[in-house]
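To keep things clear, I will list the structure first and then write my remarks on it.
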Amino acid sequence: MSTHPRQFAGVTRLATRMKGLKPSAVREILKVAESPEVISFAGGLPAPELFPVEAFAEAFAQTFAKEGAAALQYGVTEGFGPLREWIAARLARQGIKATASEILITSGAQQGLDLVGKVLLDPADRVVVEEPTYLAAAQVFHGYQAELVGVPGDDQGMRVDELPAVLGPAAPALLYVVPEFQNPSGTSLDPQRRQRLVDWAATHQVPVLEDDPYGELRFEGVSRTPLAALTDEGVIRLGTFSKILAPGVRLGWVHARAELIKRLTVAKQFSDLHTSTLNQRAVSRLLETFDLEGHLAKLRRVYRERRDQMLQGLEAGMPAGTRWTRPEGGLFLWLELPPGVDDEAVFRAAVSRGVAPVPGSPFFHRVEHRFLRLNFSNQSRERIADGIQRLGEVVTEAASTASGR
Ligand SMILES: Cc1ncc(COP(=O)(O)O)c(C=O)c1O
């Protein structure tokens, strides 16, 4: 009998592109944080009590009553026409020139990331990302065997001035950025840096992938111009209904030049043919009558209160040497631990006290263990107060142990 490991159903022999790909560290952490006794600041979940459930129920009922068969039929890959029109009009309000033919409906912005990776990246291509960056984007680029190049960020977002030093003379294949209320750091890209980034990309002919799931959730400060509004060329923009309506409908979009949309459409065809016809039609119907502005105002108000509660708790409970960002919108803030305190050790100690942050290290390309990501959208103010107090105790103990070493 052969002593070789059995090669059956691909269990021992995987495609090269799968080598070294691990399940998302954050998704694994979320499993720990799922228990109801744990106050979780770990996920990136919107507040479920604010989902417009009744408006969805009504929109789905109307869709079944008026266009049931069409909503259950296969649809075109590009997406449902009226929904593409609605998105183009919404982008125009943000100063972005867009027509429906420049919109591809995707199954969440996440699929947009995957399609852009599939269409633009060859193995060993270089992709510029922020340090830290959105983990599931980094995983997509790794999946296409790209080489990630990290550019450091600060309180004003990516350090665009560092690009030449980090990259050297050869242009990368793609630059990925989350300019508004970034995941994980909560920071927004400074207006001057935006212009500089777009100019740099034009000079070096590097496509910029602008991922903006959180821009509509600004609760203070002045709106910043999206990268796609600063240039007619060179920016591929991802959007999503996940954070403004509900993530479970899995509806997002890519906005790009029509030539690229055609390529992305081919890639989507062999990925999933099209995004759910039923969900597209129901959301399109919902948007005809739903008070989206009123709903966004409510989201902004509640998330702002929760952010303020978290900031207040951090102020009261964190030891000297701890710093954190003060995001003007979005779902996350980013905390820098005192010197010598390790993110994973804090995570373990915190979970045993019934509170779960996310260690910051998985969001970095380099080795970096000084940060935690804290989500403030998914817990009530009472639970935020309680959870941050517990976290403050954990960090204080860890800091005193570290300084006593
Ligand atoms: C920066 C960023 N991009 C994309 C996504 C994916 O969003 P979607 O639910 O639209 O797939 C997320 C989700 O949290 C995100 O934070």
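Residues are referred to by chain and number: the chain letter is A, B, ... according to the order shown in the structure tokens, the number counts from 1 in that chain, and ligands are numbered separately from 1 in the order shown.
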Find the residues of range 175-286 of chain A that sit at most 6 Å from range 147-171 of chain A; for each, write down the nearest two atoms and how far apart they are in Å, to one decimal. Count only C-alpha atoms. Sort by chain, then by number going up, and give it as a tab-separated table.
residue	atom	partner	partner_atom	distance
A:Thr187	CA	A:Gly157	CA	5.7
A:Ser188	CA	A:Gly157	CA	5.4
A:Leu189	CA	A:Gly157	CA	4.3
A:Asp190	CA	A:Gln156	CA	5.2
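Assigned to strand (DSSP E or B) in range 30-169 of chain A, given DSSP computed from backbone atoms, are Ile39, Ser40, Ile103, Leu104, Ile105, Thr106, Arg126, Val127, Val128, Val129, Glu130, Glu131, Glu147, Leu148, Val149, Gly150, Val151, Pro152, Gly153, Asp154, Gly157 and Met158 of chain A.
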How about saving the chosen residues, C-alpha atoms kept, as a short mmCIF file (atom, residue, chain, number, x, y, z; two decimals), in the first residue's frame?
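New file again.cif:
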data_model
loop_
_atom_site.label_atom_id
_atom_site.label_comp_id
_atom_site.auth_asym_id
_atom_site.auth_seq_id
_atom_site.Cartn_x
_atom_site.Cartn_y
_atom_site.Cartn_z
CA ILE A 39 -19.44 42.83 25.45
CA SER A 40 -18.04 42.82 21.97
CA ILE A 103 -21.91 51.07 -12.36
CA LEU A 104 -21.68 47.34 -11.76
CA ILE A 105 -23.85 45.94 -8.98
CA THR A 106 -21.92 43.50 -6.80
CA ARG A 126 2.68 45.18 -6.27
CA VAL A 127 -0.34 46.64 -4.49
CA VAL A 128 0.02 49.66 -2.24
CA VAL A 129 -2.04 49.51 0.96
CA GLU A 130 -2.25 51.68 4.06
CA GLU A 131 -0.58 50.50 7.27
CA GLU A 147 2.94 41.59 -3.21
CA LEU A 148 1.60 44.11 -0.69
CA VAL A 149 3.53 47.29 -0.04
CA GLY A 150 2.50 49.13 3.13
CA VAL A 151 2.55 52.91 3.38
CA PRO A 152 2.34 54.23 6.95
CA GLY A 153 -0.66 56.22 8.08
CA ASP A 154 -1.17 58.81 10.81
CA GLY A 157 -4.71 58.94 6.84
CA MET A 158 -2.13 57.56 4.43
#
Please build the interface table for chain A against ligand 1 with a cut-off of 7 Å, listing for each qualifying residue the nearest atom pair and the distance in Å to one decimal; count only C-alpha atoms and all ligand atoms, order rows by chain and increasing number, and write it as JSON lines.
{"residue": "A:Gly44", "atom": "CA", "partner": "ligand 1", "partner_atom_place_in_ligand_line": "14 (O)", "distance": 5.6}
{"residue": "A:Ser107", "atom": "CA", "partner": "ligand 1", "partner_atom_place_in_ligand_line": "11 (O)", "distance": 6.8}
{"residue": "A:Gly108", "atom": "CA", "partner": "ligand 1", "partner_atom_place_in_ligand_line": "11 (O)", "distance": 3.5}
{"residue": "A:Ala109", "atom": "CA", "partner": "ligand 1", "partner_atom_place_in_ligand_line": "10 (O)", "distance": 3.6}
{"residue": "A:Gln110", "atom": "CA", "partner": "ligand 1", "partner_atom_place_in_ligand_line": "11 (O)", "distance": 3.7}
{"residue": "A:Gln111", "atom": "CA", "partner": "ligand 1", "partner_atom_place_in_ligand_line": "11 (O)", "distance": 6.4}
{"residue": "A:Tyr134", "atom": "CA", "partner": "ligand 1", "partner_atom_place_in_ligand_line": "1 (C)", "distance": 5.4}
{"residue": "A:Val178", "atom": "CA", "partner": "ligand 1", "partner_atom_place_in_ligand_line": "1 (C)", "distance": 5.9}
{"residue": "A:Gln182", "atom": "CA", "partner": "ligand 1", "partner_atom_place_in_ligand_line": "1 (C)", "distance": 6.5}
{"residue": "A:Asn183", "atom": "CA", "partner": "ligand 1", "partner_atom_place_in_ligand_line": "16 (O)", "distance": 5.1}
{"residue": "A:Asp211", "atom": "CA", "partner": "ligand 1", "partner_atom_place_in_ligand_line": "3 (N)", "distance": 5.8}
{"residue": "A:Asp212", "atom": "CA", "partner": "ligand 1", "partner_atom_place_in_ligand_line": "1 (C)", "distance": 6.6}
{"residue": "A:Pro213", "atom": "CA", "partner": "ligand 1", "partner_atom_place_in_ligand_line": "2 (C)", "distance": 5.9}
{"residue": "A:Gly239", "atom": "CA", "partner": "ligand 1", "partner_atom_place_in_ligand_line": "10 (O)", "distance": 6.9}
{"residue": "A:Thr240", "atom": "CA", "partner": "ligand 1", "partner_atom_place_in_ligand_line": "10 (O)", "distance": 4.5}
{"residue": "A:Phe241", "atom": "CA", "partner": "ligand 1", "partner_atom_place_in_ligand_line": "10 (O)", "distance": 6.5}
{"residue": "A:Ser242", "atom": "CA", "partner": "ligand 1", "partner_atom_place_in_ligand_line": "9 (O)", "distance": 4.8}
{"residue": "A:Pro247", "atom": "CA", "partner": "ligand 1", "partner_atom_place_in_ligand_line": "9 (O)", "distance": 5.2}
{"residue": "A:Arg250", "atom": "CA", "partner": "ligand 1", "partner_atom_place_in_ligand_line": "9 (O)", "distance": 6.2}
{"residue": "A:Leu251", "atom": "CA", "partner": "ligand 1", "partner_atom_place_in_ligand_line": "10 (O)", "distance": 6.4}
{"residue": "A:Gly252", "atom": "CA", "partner": "ligand 1", "partner_atom_place_in_ligand_line": "10 (O)", "distance": 5.2}
Okay, now the selection with C-alpha atoms, as a JSON list (two decimals), in the first residue's frame?
[["chain", "number", "residue", "atom", "x", "y", "z"],
["A", 44, "GLY", "CA", -17.75, 45.71, 12.34],
["A", 107, "SER", "CA", -22.65, 41.16, -3.93],
["A", 108, "GLY", "CA", -21.31, 43.61, -1.36],
["A", 109, "ALA", "CA", -18.27, 45.83, -1.76],
["A", 110, "GLN", "CA", -16.28, 42.74, -0.85],
["A", 111, "GLN", "CA", -17.08, 41.22, -4.23],
["A", 134, "TYR", "CA", -8.74, 46.57, 5.87],
["A", 178, "VAL", "CA", -10.21, 53.71, 2.45],
["A", 182, "GLN", "CA", -10.97, 53.92, 7.66],
["A", 183, "ASN", "CA", -11.29, 50.36, 8.85],
["A", 211, "ASP", "CA", -13.25, 51.88, -0.98],
["A", 212, "ASP", "CA", -15.89, 53.98, 0.79],
["A", 213, "PRO", "CA", -18.39, 52.02, 2.88],
["A", 239, "GLY", "CA", -19.73, 51.52, -2.48],
["A", 240, "THR", "CA", -22.20, 49.48, -0.48],
["A", 241, "PHE", "CA", -25.65, 49.45, 1.13],
["A", 242, "SER", "CA", -24.25, 47.40, 4.04],
["A", 247, "PRO", "CA", -25.37, 44.10, 5.23],
["A", 250, "ARG", "CA", -25.31, 41.84, 0.18],
["A", 251, "LEU", "CA", -25.61, 44.74, -2.22],
["A", 252, "GLY", "CA", -22.69, 46.89, -3.25]]
Discussion item. What's around range 259-275 of chain A at 12 Å? Count only C-alpha atoms, leave out sequence neighbours fewer than 4 positions away in its own chain, and write the answer as a PyMOL selection string.
Written reply: chain A and resi 71-80+83+99-109+111-120+207+233-237+249-255+279-281
Worksheet item: Could you state the separation of CA of Arg84 in chain A and CA of Tyr214 in chain A in Å, given to one decimal place?
Response: 19.5 Å
Worksheet item: Quick one: DSSP helix (DSSP H, G or I) residues in range 168-236 of chain A, as a VMD selection string?
Response: chain A and resid 191 to 204 215 to 217 227 to 230
